[in-house]
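Colleague: I have a structure here, written as structure tokens, and I will follow up with some questions on it.
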Amino acid sequence: MKPCISNRKTAALTRVEVLVVVSIVAVLILIFLKKTESDIRTGRLESAEINCVNNLKQIGLAYRVWEENHGDKYPMQTSVTNGGTMELANGKNAWINFSVMSNELSTPKVLICPADMDKIAATNFTTDFNNSKISYFVGLNAIDNYPQTLLSGDDNFEISGVPAKSGLLELSTDAPISWAAARHKFYGNLGMADGSVQQATSSYLRQSVQQTGIATNRLAIP
């Protein structure tokens, strides 16, 4: 019996078809890699924002513990002779307000926002501590009796589009203040005198300044 031999040709991909398939696979891989990279970046940003909020909560708690041991006043309203910074709170030395709370803060690491790429945490509160190791402003007018006064928060402000400089920042209720793009992408975090932390847009930031009950809000920018 003779074997059956088929006259049909075996179907095979042409060179053009192979190139098309390879191109499609390459595009799909590229899309997958970009999506993965985007997810990782988004995850990092969200993690940094959460850690920033946690930092400000710890800072707010440190203020509250400190005031309980100093006549219910924050360092900015307490004389230097009583362990505070009242005579030194001129806006140029924001670091000193945190330095007097070193026991309550425990570590200077909480003073750096994880999204702040321009600064690194200090190793201690003495020889390695200054304004360059801090990401958060000090609200010099913050008072426990006025819960909506600004106690602390991200310091990457812009005034009419110009970045705020280190030193004393005096804000009237109609100041054209906003967040810079860095850190939280035009968002920021505010620590209030009542210990709460608010995640704020630029619009909410301006609203918060208006609702403090103070005509001029004085902030020490590190």
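So you can find residues: chains in the structure tokens are A, B, ... in the order shown, residues in each start at 1, and ligands are numbered from 1 in order.
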Per DSSP on the backbone, what are the strand (DSSP E or B) residues of region 150-196 of chain A, as an NGL selection string?

Modeller: :A and (150-154 or 157-159 or 162-163 or 167-172 or 177-179 or 187-192)

Colleague: Could the residues of region 158-217 of chain A that have an atom at most 12 Å from region 129-133 of chain A be listed as JSON lines, each with its closest atom pair and the distance in Å to one decimal, counting only C-alpha atoms and ordered by chain and ascending residue number?

Modeller:
```
{"residue": "A:Lys165", "atom": "CA", "partner": "A:Asn131", "partner_atom": "CA", "distance": 11.8}
{"residue": "A:Ser166", "atom": "CA", "partner": "A:Asn131", "partner_atom": "CA", "distance": 8.4}
{"residue": "A:Gly167", "atom": "CA", "partner": "A:Asn131", "partner_atom": "CA", "distance": 9.6}
```

Colleague: Go ahead and write the selection's residues with C-alpha atoms as a JSON list (two decimals), in the first residue's frame.

Modeller:
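Output file result-v4.json is given in full below:
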```
[["chain", "number", "residue", "atom", "x", "y", "z"],
["A", 165, "LYS", "CA", 12.59, 82.16, 50.83],
["A", 166, "SER", "CA", 14.00, 80.94, 54.12],
["A", 167, "GLY", "CA", 13.17, 83.36, 56.92]]
```

Colleague: Could you list, as a list in words, every residue within 6 Å of region 105-122 of chain A, counting only C-alpha atoms and ignoring same-chain residues fewer than 2 positions away?

Modeller: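 That gives Ala48, Cys52, Asn55, Ala62, Ser102, Asn103, Asn124, Asp128, Phe129, Lys133, Ile134, Ser135 and Arg183 of chain A.
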
Colleague: If you keep N, CA, C and O atoms, can you produce a file of those selected residues as an mmCIF file, in the first residue's frame?

Modeller:
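Listed below is the output, result_14.cif:
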```
data_model
loop_
_atom_site.group_PDB
_atom_site.id
_atom_site.type_symbol
_atom_site.label_atom_id
_atom_site.label_comp_id
_atom_site.auth_asym_id
_atom_site.auth_seq_id
_atom_site.Cartn_x
_atom_site.Cartn_y
_atom_site.Cartn_z
ATOM 1 N N ALA A 48 4.818 58.608 50.178
ATOM 2 C CA ALA A 48 5.468 59.810 50.690
ATOM 3 C C ALA A 48 4.456 60.747 51.326
ATOM 4 O O ALA A 48 4.710 61.346 52.375
ATOM 5 N N CYS A 52 4.328 61.859 55.173
ATOM 6 C CA CYS A 52 4.389 63.289 55.496
ATOM 7 C C CYS A 52 3.294 63.631 56.503
ATOM 8 O O CYS A 52 3.531 64.349 57.479
ATOM 9 N N ASN A 55 4.281 62.370 59.834
ATOM 10 C CA ASN A 55 5.303 63.236 60.432
ATOM 11 C C ASN A 55 4.664 64.429 61.126
ATOM 12 O O ASN A 55 5.000 64.774 62.269
ATOM 13 N N ALA A 62 4.049 66.328 69.599
ATOM 14 C CA ALA A 62 5.203 66.825 70.352
ATOM 15 C C ALA A 62 4.914 68.214 70.915
ATOM 16 O O ALA A 62 5.242 68.513 72.072
ATOM 17 N N SER A 102 13.226 68.491 71.349
ATOM 18 C CA SER A 102 13.938 67.283 70.924
ATOM 19 C C SER A 102 13.505 66.055 71.716
ATOM 20 O O SER A 102 13.421 64.952 71.156
ATOM 21 N N ASN A 103 13.230 66.214 72.994
ATOM 22 C CA ASN A 103 12.796 65.067 73.796
ATOM 23 C C ASN A 103 11.438 64.551 73.342
ATOM 24 O O ASN A 103 11.196 63.336 73.309
ATOM 25 N N ASN A 124 21.208 64.193 64.487
ATOM 26 C CA ASN A 124 20.962 64.512 65.891
ATOM 27 C C ASN A 124 20.415 65.937 65.995
ATOM 28 O O ASN A 124 20.322 66.655 64.992
ATOM 29 N N ASP A 128 24.359 68.433 64.245
ATOM 30 C CA ASP A 128 23.976 68.229 62.837
ATOM 31 C C ASP A 128 22.574 68.755 62.554
ATOM 32 O O ASP A 128 21.875 68.245 61.695
ATOM 33 N N PHE A 129 22.172 69.794 63.264
ATOM 34 C CA PHE A 129 20.791 70.256 63.144
ATOM 35 C C PHE A 129 20.734 71.743 62.819
ATOM 36 O O PHE A 129 21.296 72.568 63.522
ATOM 37 N N LYS A 133 17.941 71.003 57.462
ATOM 38 C CA LYS A 133 17.518 69.639 57.789
ATOM 39 C C LYS A 133 16.039 69.578 58.167
ATOM 40 O O LYS A 133 15.594 68.650 58.843
ATOM 41 N N ILE A 134 15.272 70.588 57.695
ATOM 42 C CA ILE A 134 13.849 70.671 58.058
ATOM 43 C C ILE A 134 13.016 70.960 56.812
ATOM 44 O O ILE A 134 13.385 71.799 55.988
ATOM 45 N N SER A 135 11.875 70.285 56.686
ATOM 46 C CA SER A 135 10.963 70.488 55.551
ATOM 47 C C SER A 135 9.698 71.259 55.939
ATOM 48 O O SER A 135 8.896 71.586 55.066
ATOM 49 N N ARG A 183 7.195 68.109 45.642
ATOM 50 C CA ARG A 183 6.699 67.291 46.750
ATOM 51 C C ARG A 183 5.376 66.614 46.438
ATOM 52 O O ARG A 183 5.344 65.456 46.062
#
```

Colleague: For the atom pair CA of Asp194 (chain A) and CA of Met86 (chain A), what is the interatomic distance in Å to one decimal place?

Modeller: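 So the answer is 20.1 Å.
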
Colleague: Which region 66-181 of chain A residues have any atom within 8 Å of an atom of region 215-219 of chain A, and for each, what is the nearest pair of atoms with distance in Å to one decimal, counting only C-alpha atoms, rows sorted by chain and number, as JSON lines?

Modeller:
```
{"residue": "A:Gly91", "atom": "CA", "partner": "A:Leu219", "partner_atom": "CA", "distance": 6.6}
{"residue": "A:Phe137", "atom": "CA", "partner": "A:Leu219", "partner_atom": "CA", "distance": 6.4}
{"residue": "A:Val138", "atom": "CA", "partner": "A:Leu219", "partner_atom": "CA", "distance": 5.6}
{"residue": "A:Gly139", "atom": "CA", "partner": "A:Leu219", "partner_atom": "CA", "distance": 4.7}
{"residue": "A:Leu140", "atom": "CA", "partner": "A:Arg218", "partner_atom": "CA", "distance": 5.5}
{"residue": "A:Asn141", "atom": "CA", "partner": "A:Arg218", "partner_atom": "CA", "distance": 6.1}
{"residue": "A:Leu168", "atom": "CA", "partner": "A:Leu219", "partner_atom": "CA", "distance": 5.9}
{"residue": "A:Leu169", "atom": "CA", "partner": "A:Leu219", "partner_atom": "CA", "distance": 5.1}
{"residue": "A:Glu170", "atom": "CA", "partner": "A:Arg218", "partner_atom": "CA", "distance": 4.6}
{"residue": "A:Leu171", "atom": "CA", "partner": "A:Asn217", "partner_atom": "CA", "distance": 4.9}
{"residue": "A:Ser172", "atom": "CA", "partner": "A:Thr216", "partner_atom": "CA", "distance": 4.6}
{"residue": "A:Thr173", "atom": "CA", "partner": "A:Ala215", "partner_atom": "CA", "distance": 6.2}
```

Colleague: Pick out the residues sitting within 10 Å of Asn145 (chain A), and hand them over as a list in words; count only C-alpha atoms, and ignore anything fewer than 6 positions along from it in its own chain.

Modeller: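 Final neighbour list, sorted by chain and number: Asp72, Lys73, Ala193 and Asp194 of chain A.
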
Colleague: In chain A, what's alpha helix (DSSP H) per DSSP? Answer as an NGL selection string?

Modeller: :A and (15-68 or 94-99 or 102-105 or 202-210)

Colleague: Counting only C-alpha atoms, which residue out of A:Leu190, A:Val65, A:Ala182, A:Leu205 sits closest to Gly153 (chain A)?

Modeller: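 The closest residue to Gly153 (chain A) is A:Leu190.
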
Colleague: Go ahead and compute the interatomic distance for CA of Trp179 (chain A) and CA of Gln210 (chain A), in Å to one decimal.

Modeller: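 Atom-to-atom, CA of Trp179 (chain A) and CA of Gln210 (chain A) are spaced 15.9 Å apart.
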
Colleague: With only C-alpha atoms as the basis for distance, which of A:Ser152, A:Thr78, A:Ser47, A:Thr14 is at the shortest distance from Leu61 (chain A)?

Modeller: A:Ser152

Colleague: What's the separation between CA of Ala220 (chain A) and CA of Asn189 (chain A), in Å to one decimal place?

Modeller: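 Rounded to one decimal, the two atoms are 15.9 Å apart.
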
Colleague: Report as a ChimeraX atom specification all protein, DNA and RNA residues lying within 12 Å of Phe186 (chain A), evaluated on only C-alpha atoms, omitting residues in the same chain fewer than 2 positions from it.

Modeller: /A:154,156-158,161,177-184,188-189,199-205

Colleague: Limited to N, CA and C atoms, could you put the picked residues into a file as a tab-separated table (two decimals), in the first residue's frame?

Modeller:
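Okay, this is what ended up in again37.tsv:
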```tsv
chain	number	residue	atom	x	y	z
A	154	ASP	N	4.10	71.65	55.30
A	154	ASP	CA	5.06	71.76	54.20
A	154	ASP	C	5.43	73.22	53.97
A	156	ASN	N	6.97	74.46	51.16
A	156	ASN	CA	7.23	74.79	49.75
A	156	ASN	C	6.14	75.70	49.18
A	157	PHE	N	6.10	76.92	49.72
A	157	PHE	CA	5.11	77.91	49.29
A	157	PHE	C	5.60	78.72	48.10
A	158	GLU	N	4.63	79.27	47.39
A	158	GLU	CA	4.91	80.29	46.39
A	158	GLU	C	3.99	81.48	46.67
A	161	GLY	N	3.53	83.08	42.55
A	161	GLY	CA	4.36	82.27	41.67
A	161	GLY	C	5.85	82.28	41.99
A	177	ILE	N	-1.00	83.15	48.10
A	177	ILE	CA	-0.11	82.03	48.40
A	177	ILE	C	-0.61	80.74	47.74
A	178	SER	N	0.31	79.88	47.38
A	178	SER	CA	-0.05	78.60	46.76
A	178	SER	C	1.08	77.61	47.02
A	179	TRP	N	0.82	76.35	46.70
A	179	TRP	CA	1.86	75.33	46.82
A	179	TRP	C	2.67	75.27	45.52
A	180	ALA	N	3.95	75.00	45.65
A	180	ALA	CA	4.79	74.75	44.48
A	180	ALA	C	4.51	73.34	43.97
A	181	ALA	N	4.98	73.05	42.77
A	181	ALA	CA	4.71	71.74	42.16
A	181	ALA	C	5.46	70.61	42.84
A	182	ALA	N	6.59	70.94	43.46
A	182	ALA	CA	7.41	69.91	44.09
A	182	ALA	C	6.68	69.24	45.24
A	183	ARG	N	7.19	68.11	45.64
A	183	ARG	CA	6.70	67.29	46.75
A	183	ARG	C	5.38	66.61	46.44
A	184	HIS	N	4.25	67.35	46.56
A	184	HIS	CA	2.95	66.69	46.46
A	184	HIS	C	2.13	67.16	45.26
A	188	GLY	N	-0.40	70.16	49.51
A	188	GLY	CA	0.48	70.26	50.66
A	188	GLY	C	-0.25	69.80	51.90
A	189	ASN	N	0.49	69.65	52.99
A	189	ASN	CA	-0.09	69.22	54.26
A	189	ASN	C	0.09	70.29	55.31
A	199	GLN	N	-4.83	67.79	54.45
A	199	GLN	CA	-4.24	67.72	53.11
A	199	GLN	C	-4.92	68.79	52.26
A	200	ALA	N	-4.16	69.76	51.81
A	200	ALA	CA	-4.75	70.98	51.25
A	200	ALA	C	-4.33	71.26	49.82
A	201	THR	N	-5.29	71.71	49.03
A	201	THR	CA	-5.00	72.30	47.73
A	201	THR	C	-4.56	73.74	47.97
A	202	SER	N	-4.12	74.42	46.93
A	202	SER	CA	-3.74	75.83	47.07
A	202	SER	C	-4.94	76.68	47.49
A	203	SER	N	-6.10	76.33	46.96
A	203	SER	CA	-7.32	77.06	47.32
A	203	SER	C	-7.64	76.88	48.81
A	204	TYR	N	-7.51	75.65	49.28
A	204	TYR	CA	-7.77	75.38	50.70
A	204	TYR	C	-6.73	76.03	51.58
A	205	LEU	N	-5.49	76.10	51.09
A	205	LEU	CA	-4.42	76.77	51.82
A	205	LEU	C	-4.77	78.24	52.05
```

Colleague: Which residues come within 8 Å of Gly84 (chain A), counting only C-alpha atoms, excluding same-chain residues fewer than 6 positions away, as a PyMOL selection string?

Modeller: chain A and resi 74-78+97+100

Colleague: Could you give me, as a short mmCIF file (atom, residue, chain, number, x, y, z; two decimals) with N, CA and C atoms, in the first residue's frame, the residues within 7 Å of Thr212 (chain A), counting only C-alpha atoms and dropping anything in the same chain fewer than 4 positions from it?

Modeller:
```
data_model
loop_
_atom_site.label_atom_id
_atom_site.label_comp_id
_atom_site.auth_asym_id
_atom_site.auth_seq_id
_atom_site.Cartn_x
_atom_site.Cartn_y
_atom_site.Cartn_z
N GLN A 148 -7.61 76.70 64.72
CA GLN A 148 -7.38 76.78 63.28
C GLN A 148 -6.15 77.60 62.90
N THR A 149 -5.36 78.01 63.89
CA THR A 149 -4.11 78.67 63.55
C THR A 149 -3.12 77.64 63.01
N SER A 208 -7.47 78.53 54.56
CA SER A 208 -6.98 78.28 55.91
C SER A 208 -6.32 79.51 56.50
#
```
